[in-house]
>>> print(open('upload.txt').read())   # compact mmCIF, C-alpha atoms
# COMPACT_ATOMS: atom_id res chain seq x y z
CA MET I 329 163.39 -129.46 31.38
CA THR I 330 163.83 -125.68 31.47
CA VAL I 331 166.54 -123.83 33.37
CA PRO I 332 167.21 -120.07 33.54
CA GLU I 333 170.33 -118.74 31.85
CA ASP I 334 173.14 -117.14 33.84
CA SER I 335 173.27 -114.02 31.67
CA SER I 336 170.77 -111.28 32.43
CA GLY I 337 167.89 -110.90 30.06
CA ALA I 338 168.45 -114.21 28.31
CA THR I 339 165.55 -116.47 27.51
CA ASP I 340 165.02 -119.76 29.28
CA LEU I 341 167.23 -122.64 28.24
CA VAL I 342 165.35 -125.81 27.30
CA LEU I 343 167.00 -129.20 27.87
CA ARG I 344 165.43 -132.06 25.91
CA PRO I 345 166.33 -135.31 24.15
CA ALA I 346 167.77 -134.81 20.67
CA VAL I 347 165.70 -135.70 17.61
CA ALA I 348 166.69 -136.45 14.02
CA ASP I 349 166.02 -132.85 12.93
CA ASP I 350 168.74 -131.69 15.36
CA VAL I 351 171.58 -133.60 13.72
CA ALA I 352 172.63 -130.88 11.26
CA ARG I 353 172.83 -128.35 14.09
CA LEU I 354 174.72 -130.82 16.32
CA VAL I 355 177.37 -131.06 13.62
CA GLU I 356 177.60 -127.26 13.46
CA VAL I 357 178.03 -126.96 17.23
CA TYR I 358 180.57 -129.77 17.28
CA LEU I 359 182.69 -128.27 14.49
CA ALA I 360 182.58 -124.83 16.07
CA ALA I 361 183.46 -126.05 19.57
CA ALA I 362 185.90 -128.89 18.76
CA THR I 363 188.37 -126.87 16.70
CA GLY I 364 191.23 -124.58 17.59
CA GLU I 365 193.66 -124.63 20.50
CA GLY I 366 193.37 -127.65 22.76
CA HIS I 367 191.69 -129.84 20.14
CA PRO I 368 193.06 -132.20 17.48
CA VAL I 369 192.42 -131.51 13.81
CA GLU I 370 189.09 -132.99 12.71
CA ARG I 371 189.83 -135.44 9.88
CA ARG I 372 186.32 -136.69 9.17
CA THR I 373 184.27 -135.29 6.33
CA HIS I 374 181.09 -133.36 6.98
CA GLN I 375 178.98 -136.32 5.86
CA GLN I 376 180.91 -138.66 8.13
CA LEU I 377 180.14 -136.37 11.06
CA VAL I 378 176.46 -136.29 10.09
CA ASP I 379 176.40 -140.09 10.00
CA TRP I 380 178.34 -140.36 13.29
CA LEU I 381 176.12 -138.04 15.31
CA GLY I 382 172.98 -139.17 13.52
CA GLU I 383 173.63 -142.76 14.56
CA ARG I 384 173.97 -141.67 18.18
CA VAL I 385 170.67 -139.82 18.05
CA ARG I 386 168.90 -142.73 16.36
CA SER I 387 170.46 -145.48 18.48
CA VAL I 388 167.83 -147.77 19.99
CA SER I 389 169.99 -150.62 21.33
CA ALA I 390 169.85 -151.69 24.97
CA ASP I 391 172.99 -149.70 25.79
CA ARG I 392 172.02 -146.81 23.55
CA HIS I 393 173.48 -143.34 23.59
CA GLU I 394 171.35 -140.66 25.22
CA VAL I 395 171.83 -137.38 23.39
CA TRP I 396 170.45 -134.28 25.11
CA VAL I 397 170.40 -130.80 23.68
CA ALA I 398 170.28 -127.35 25.22
CA ALA I 399 168.10 -125.05 23.12
CA ASP I 400 167.57 -121.32 23.35
CA ASP I 401 164.57 -120.02 21.39
CA GLU I 402 164.44 -123.45 19.69
CA ARG I 403 168.05 -123.10 18.47
CA VAL I 404 170.40 -125.81 19.75
CA VAL I 405 173.35 -124.17 21.51
CA GLY I 406 174.92 -127.24 23.14
CA PHE I 407 174.56 -130.97 23.56
CA ALA I 408 175.71 -133.92 25.65
CA ASP I 409 175.95 -137.58 24.73
CA VAL I 410 175.71 -140.04 27.64
CA HIS I 411 176.50 -143.73 27.16
CA GLY I 412 176.10 -145.83 30.28
CA ASP I 413 178.16 -144.14 32.99
CA TRP I 414 180.33 -142.31 30.47
CA VAL I 415 179.83 -138.84 28.95
CA SER I 416 181.08 -139.34 25.41
CA LEU I 417 180.50 -135.77 24.22
CA LEU I 418 179.68 -132.40 25.74
CA PHE I 419 179.98 -129.35 23.52
CA VAL I 420 178.65 -125.80 23.62
CA ASP I 421 178.48 -123.29 20.77
CA PRO I 422 181.46 -120.92 21.33
CA THR I 423 179.12 -117.93 21.07
CA ARG I 424 177.21 -119.26 24.09
CA GLN I 425 180.07 -120.41 26.27
CA ARG I 426 180.38 -118.96 29.80
CA GLN I 427 176.64 -118.33 29.85
CA GLY I 428 175.53 -121.37 31.84
CA VAL I 429 174.87 -123.76 28.95
CA GLY I 430 177.66 -126.17 29.79
CA ARG I 431 176.78 -126.07 33.47
CA ALA I 432 173.13 -126.82 32.71
CA LEU I 433 174.06 -129.81 30.55
CA LEU I 434 176.49 -131.19 33.12
CA GLU I 435 174.02 -130.76 35.95
CA LEU I 436 171.47 -132.61 33.82
CA VAL I 437 173.92 -135.50 33.43
CA GLN I 438 174.49 -135.47 37.20
CA ALA I 439 170.73 -135.78 37.69
CA LEU I 440 170.54 -138.59 35.11
CA ARG I 441 173.52 -140.44 36.64
CA PRO I 442 173.37 -139.82 40.40
CA GLY I 443 175.65 -142.81 40.95
CA GLY I 444 178.52 -141.09 39.13
CA PHE I 445 180.07 -140.98 35.67
CA GLY I 446 183.34 -140.41 33.86
CA LEU I 447 184.50 -138.46 30.83
CA ARG I 448 187.60 -137.65 28.81
CA VAL I 449 189.06 -134.23 28.03
CA HIS I 450 192.16 -133.33 26.04
CA ALA I 451 195.05 -132.43 28.33
CA ASP I 452 195.70 -129.19 26.40
CA ASN I 453 192.12 -128.00 26.84
CA ALA I 454 192.74 -125.95 29.99
CA PRO I 455 189.37 -124.10 29.97
CA ALA I 456 187.43 -127.37 29.86
CA ARG I 457 189.52 -128.90 32.65
CA ALA I 458 188.95 -125.83 34.82
CA PHE I 459 185.21 -125.92 34.07
CA TYR I 460 184.87 -129.56 35.12
CA ALA I 461 186.94 -128.96 38.25
CA ARG I 462 184.60 -126.14 39.32
CA LEU I 463 181.67 -128.54 39.05
CA GLY I 464 183.25 -131.19 41.24
CA LEU I 465 184.85 -133.56 38.75
CA VAL I 466 188.13 -135.19 39.75
CA GLU I 467 191.06 -135.80 37.40
CA LEU I 468 192.01 -139.46 37.75
CA GLU I 469 194.68 -140.09 35.14
CA ARG I 470 196.52 -138.71 32.14
CA THR I 471 197.50 -140.78 29.12
CA ASP I 472 199.18 -140.23 25.77
CA GLY I 473 195.81 -140.67 24.04
CA SER I 474 196.89 -143.73 22.07
CA ALA I 475 193.72 -145.55 23.09
CA TYR I 476 191.66 -143.09 21.02
CA ASP I 477 191.49 -142.37 17.31
CA ASP I 478 192.74 -138.80 17.67
CA GLY I 479 195.86 -139.87 19.61
CA TRP I 480 195.96 -136.66 21.66
CA PRO I 481 197.19 -136.68 25.30
CA ASP I 482 194.16 -136.66 27.54
CA CYS I 483 192.81 -136.68 31.07
CA ARG I 484 190.16 -138.98 32.45
CA LEU I 485 187.82 -137.27 34.89
CA ALA I 486 185.04 -138.58 37.08
CA TRP I 487 182.13 -137.27 39.10
CA PRO I 488 181.65 -139.75 41.98
CA GLY I 489 177.95 -139.12 42.46
CA HIS I 490 176.04 -138.80 45.71
CA GLU I 491 177.84 -141.75 47.34
CA PRO I 492 181.50 -141.14 46.45
CA LEU I 493 182.94 -144.02 48.46
CA ARG I 494 180.67 -146.51 46.70
CA TYR I 495 181.59 -145.08 43.30
CA TRP I 496 185.34 -145.12 43.92
CA ARG I 497 185.24 -148.65 45.29
CA SER I 498 183.14 -149.96 42.41
CA THR I 499 185.53 -148.32 39.96
CA ILE I 500 188.50 -149.92 41.76
CA ASP I 501 186.73 -153.29 41.55
CA GLU I 502 186.38 -152.85 37.77
CA VAL I 503 190.05 -151.96 37.41
CA ASP I 504 191.11 -154.88 39.62
CA ALA I 505 189.10 -157.29 37.47
CA GLU I 506 190.88 -156.01 34.36
CA LEU I 507 194.23 -156.10 36.17
CA ALA I 508 193.78 -159.74 37.22
CA VAL I 509 193.15 -160.79 33.60
CA LEU I 510 196.11 -158.74 32.36
CA LEU I 511 198.45 -160.17 35.00
CA ALA I 512 197.45 -163.72 34.11
CA ARG I 513 198.07 -162.94 30.44
CA ARG I 514 201.41 -161.32 31.18
CA PHE I 515 202.61 -164.24 33.29
CA ALA I 516 201.64 -166.64 30.49
CA LEU I 517 203.53 -164.58 27.90
CA ALA I 518 206.56 -164.27 30.18
CA GLY I 519 206.47 -168.04 30.58
CA ALA I 520 206.51 -168.50 26.82
CA VAL I 521 209.57 -166.24 26.59
CA GLN I 522 211.35 -168.22 29.31
CA ASP I 523 210.53 -171.48 27.54
CA LEU I 524 212.13 -170.09 24.39
CA LYS I 525 215.20 -168.88 26.28
CA ALA I 526 215.61 -172.24 27.97
CA ALA I 527 215.41 -174.00 24.61
CA THR I 528 217.79 -171.67 22.76
CA ILE I 529 220.36 -170.50 25.32
CA GLY I 530 219.93 -173.19 27.94
CA ALA I 531 218.74 -170.89 30.71
CA GLY I 532 215.50 -169.20 31.73
CA GLY I 533 214.02 -167.47 34.72
CA GLU I 534 216.20 -165.36 37.02
CA ALA I 535 219.38 -166.60 35.36
CA ALA I 536 218.36 -165.14 32.02
CA ARG I 537 217.03 -161.72 33.06
CA ASP I 538 217.60 -158.89 30.60
CA ALA I 539 218.12 -155.60 32.46
CA ARG I 540 218.05 -153.51 29.28
CA ARG I 541 214.76 -155.04 28.16
CA GLU I 542 213.24 -154.41 31.61
CA ALA I 543 214.31 -150.75 31.48
CA GLU I 544 212.71 -150.41 28.04
CA ILE I 545 209.44 -151.78 29.44
CA VAL I 546 209.42 -149.16 32.20
CA ASP I 547 210.27 -146.39 29.71
CA ARG I 548 207.37 -147.36 27.49
CA MET I 549 204.94 -147.54 30.39
CA ALA I 550 206.08 -144.15 31.68
CA THR I 551 205.23 -142.68 28.27
CA LEU I 552 201.80 -144.30 28.25
CA ALA I 553 200.99 -143.15 31.81
CA PRO I 554 202.79 -139.81 32.33
CA SER I 555 200.98 -139.16 35.61
CA LEU I 556 202.77 -142.10 37.26
CA ASP I 557 206.15 -141.48 38.81
CA ARG I 558 208.86 -143.50 37.09
CA THR I 559 210.28 -144.68 40.41
CA HIS I 560 206.90 -146.10 41.37
CA LEU I 561 206.60 -147.80 38.00
CA GLU I 562 210.02 -149.37 38.40
CA ARG I 563 209.04 -150.78 41.80
CA VAL I 564 205.73 -152.15 40.55
CA MET I 565 207.24 -153.69 37.43
CA ARG I 566 210.11 -155.21 39.41
CA VAL I 567 207.55 -157.14 41.44
CA VAL I 568 205.55 -158.13 38.36
CA LEU I 569 208.66 -159.30 36.50
CA GLU I 570 210.11 -161.19 39.45
CA GLU I 571 206.83 -162.91 40.27
CA GLY I 572 206.41 -163.90 36.63
CA LEU I 573 209.86 -165.48 36.64
CA THR I 574 209.17 -167.18 39.96
CA ALA I 575 205.93 -168.65 38.59
CA TRP I 576 207.86 -170.06 35.61
CA GLU I 577 210.64 -171.47 37.81
CA ARG I 578 208.11 -173.33 39.96
CA THR I 579 207.14 -175.39 36.92
CA HIS I 580 210.75 -175.67 35.67
CA PRO I 581 212.83 -176.67 38.70
>>> encode(input="upload.txt", output="structure tokens")
Amino acid sequence: MTVPEDSSGATDLVLRPAVADDVARLVEVYLAAATGEGHPVERRTHQQLVDWLGERVRSVSADRHEVWVAADDERVVGFADVHGDWVSLLFVDPTRQRQGVGRALLELVQALRPGGFGLRVHADNAPARAFYARLGLVELERTDGSAYDDGWPDCRLAWPGHEPLRYWRSTIDEVDAELAVLLARRFALAGAVQDLKAATIGAGGEAARDARREAEIVDRMATLAPSLDRTHLERVMRVVLEEGLTAWERTHP
């Protein structure tokens, strides 16, 4: 696939699947683009990065990564890694930023995933967040980054595709499925705690509620999900805690 560059006089930009010979250049682009303000310190060795990106290029499993490169005069100037409906990586050589390379790669992903996709960006990376916003991506949530190896606060963004309502609803269905499992697990754990309280202090359920412990739970959750208002979290967790205790009391009249 060939697309014209934004800058005048530039040669055509070629978009193609990555091959093994591209790996060394992918590492160069990654190191150049993923350092500095807005990015965590890269702790992997050069060889570890070669192995990491090389595995993505060579992956042949059913749910394999699709690595696409943007090349100008046969020199790779950017790349994107797509895995299912998630864009794992999208980086552009700093010397070629603001010249249409990132836009071309993202528009390619939109063509490859017309049903929508998501991606993660570091919260401190203001230029990247502004870039994605201009191309129609929506910021869904911010977290402290603890779910990732780098541990940096981040934002999850999504492009809802050509049928946004279908995408949003399907994403809600996925979250609800996870939430149902987590609620069942939490109720079971709360029940185990109430069993222990009943055995050791002679009381469980509503009679043995610990207000300080409940406040600590809300504090921790507010840290993990800074985009959620603490008042809303308190209301939600009050219901979860009370329903968990009620479920235990039904089996322990």
>>> atom_distance(input="upload.txt", atom1="atom CA of Pro442 of chain I", atom2="atom CA of Arg384 of chain I")
22.3 Å
>>> axis_aligned_box(input="upload.txt", around="segment 488-494 of chain I", padding_each_side="5 Å", output="AutoDock Vina command-line options")
--center_x 179.5 --center_y -142.7 --center_z 45.2 --size_x 16.9 --size_y 17.7 --size_z 16.5
>>> closest_residue(input="upload.txt", among="I:Asp482, I:Glu394, I:Asp452, I:Asp477", to="Leu440 of chain I", atoms="all atoms listed in the file")
I:Glu394
>>> residues_around(input="upload.txt", residues="Tyr358 of chain I", least_positions_apart="4", cutoff="8 Å", atoms="only C-alpha atoms", output="number ranges by chain")
I: 354, 362, 419-421
>>> residues_around(input="upload.txt", residues="segment 517-519 of chain I", least_positions_apart="4", cutoff="9 Å", atoms="all atoms listed in the file", output="count of residues only")
10
>>> atom_distance(input="upload.txt", atom1="atom CA of Glu502 of chain I", atom2="atom CA of Leu468 of chain I")
14.5 Å
>>> decode(input="upload.txt", residues="segment 526-537 of chain I", atoms="N, CA and C atoms", output="PDB file, in the first residue's frame")
ATOM      1  N   ALA I 526     -16.958 -14.672  62.502  1.00  0.00           N
ATOM      2  CA  ALA I 526     -17.951 -15.353  63.332  1.00  0.00           C
ATOM      3  C   ALA I 526     -17.296 -16.372  64.248  1.00  0.00           C
ATOM      4  N   ALA I 527     -16.247 -17.030  63.755  1.00  0.00           N
ATOM      5  CA  ALA I 527     -15.581 -18.054  64.550  1.00  0.00           C
ATOM      6  C   ALA I 527     -14.675 -17.466  65.620  1.00  0.00           C
ATOM      7  N   THR I 528     -14.121 -16.274  65.368  1.00  0.00           N
ATOM      8  CA  THR I 528     -13.128 -15.716  66.300  1.00  0.00           C
ATOM      9  C   THR I 528     -13.696 -14.667  67.243  1.00  0.00           C
ATOM     10  N   ILE I 529     -14.637 -13.844  66.753  1.00  0.00           N
ATOM     11  CA  ILE I 529     -15.189 -12.794  67.622  1.00  0.00           C
ATOM     12  C   ILE I 529     -16.675 -12.990  67.895  1.00  0.00           C
ATOM     13  N   GLY I 530     -17.236 -14.037  67.296  1.00  0.00           N
ATOM     14  CA  GLY I 530     -18.631 -14.358  67.583  1.00  0.00           C
ATOM     15  C   GLY I 530     -19.641 -13.542  66.814  1.00  0.00           C
ATOM     16  N   ALA I 531     -19.206 -12.793  65.834  1.00  0.00           N
ATOM     17  CA  ALA I 531     -20.141 -11.981  65.048  1.00  0.00           C
ATOM     18  C   ALA I 531     -19.605 -11.813  63.640  1.00  0.00           C
ATOM     19  N   GLY I 532     -20.519 -11.799  62.671  1.00  0.00           N
ATOM     20  CA  GLY I 532     -20.157 -11.569  61.281  1.00  0.00           C
ATOM     21  C   GLY I 532     -21.233 -10.742  60.623  1.00  0.00           C
ATOM     22  N   GLY I 533     -21.077 -10.482  59.352  1.00  0.00           N
ATOM     23  CA  GLY I 533     -22.081  -9.722  58.626  1.00  0.00           C
ATOM     24  C   GLY I 533     -22.126  -8.265  59.040  1.00  0.00           C
ATOM     25  N   GLU I 534     -23.314  -7.673  59.011  1.00  0.00           N
ATOM     26  CA  GLU I 534     -23.496  -6.256  59.316  1.00  0.00           C
ATOM     27  C   GLU I 534     -22.987  -5.898  60.707  1.00  0.00           C
ATOM     28  N   ALA I 535     -23.117  -6.810  61.638  1.00  0.00           N
ATOM     29  CA  ALA I 535     -22.715  -6.526  63.020  1.00  0.00           C
ATOM     30  C   ALA I 535     -21.212  -6.388  63.179  1.00  0.00           C
ATOM     31  N   ALA I 536     -20.467  -6.873  62.220  1.00  0.00           N
ATOM     32  CA  ALA I 536     -18.998  -6.848  62.345  1.00  0.00           C
ATOM     33  C   ALA I 536     -18.334  -5.989  61.276  1.00  0.00           C
ATOM     34  N   ARG I 537     -19.056  -5.030  60.723  1.00  0.00           N
ATOM     35  CA  ARG I 537     -18.480  -4.177  59.679  1.00  0.00           C
ATOM     36  C   ARG I 537     -17.325  -3.346  60.235  1.00  0.00           C
TER      37      ARG I 537
END
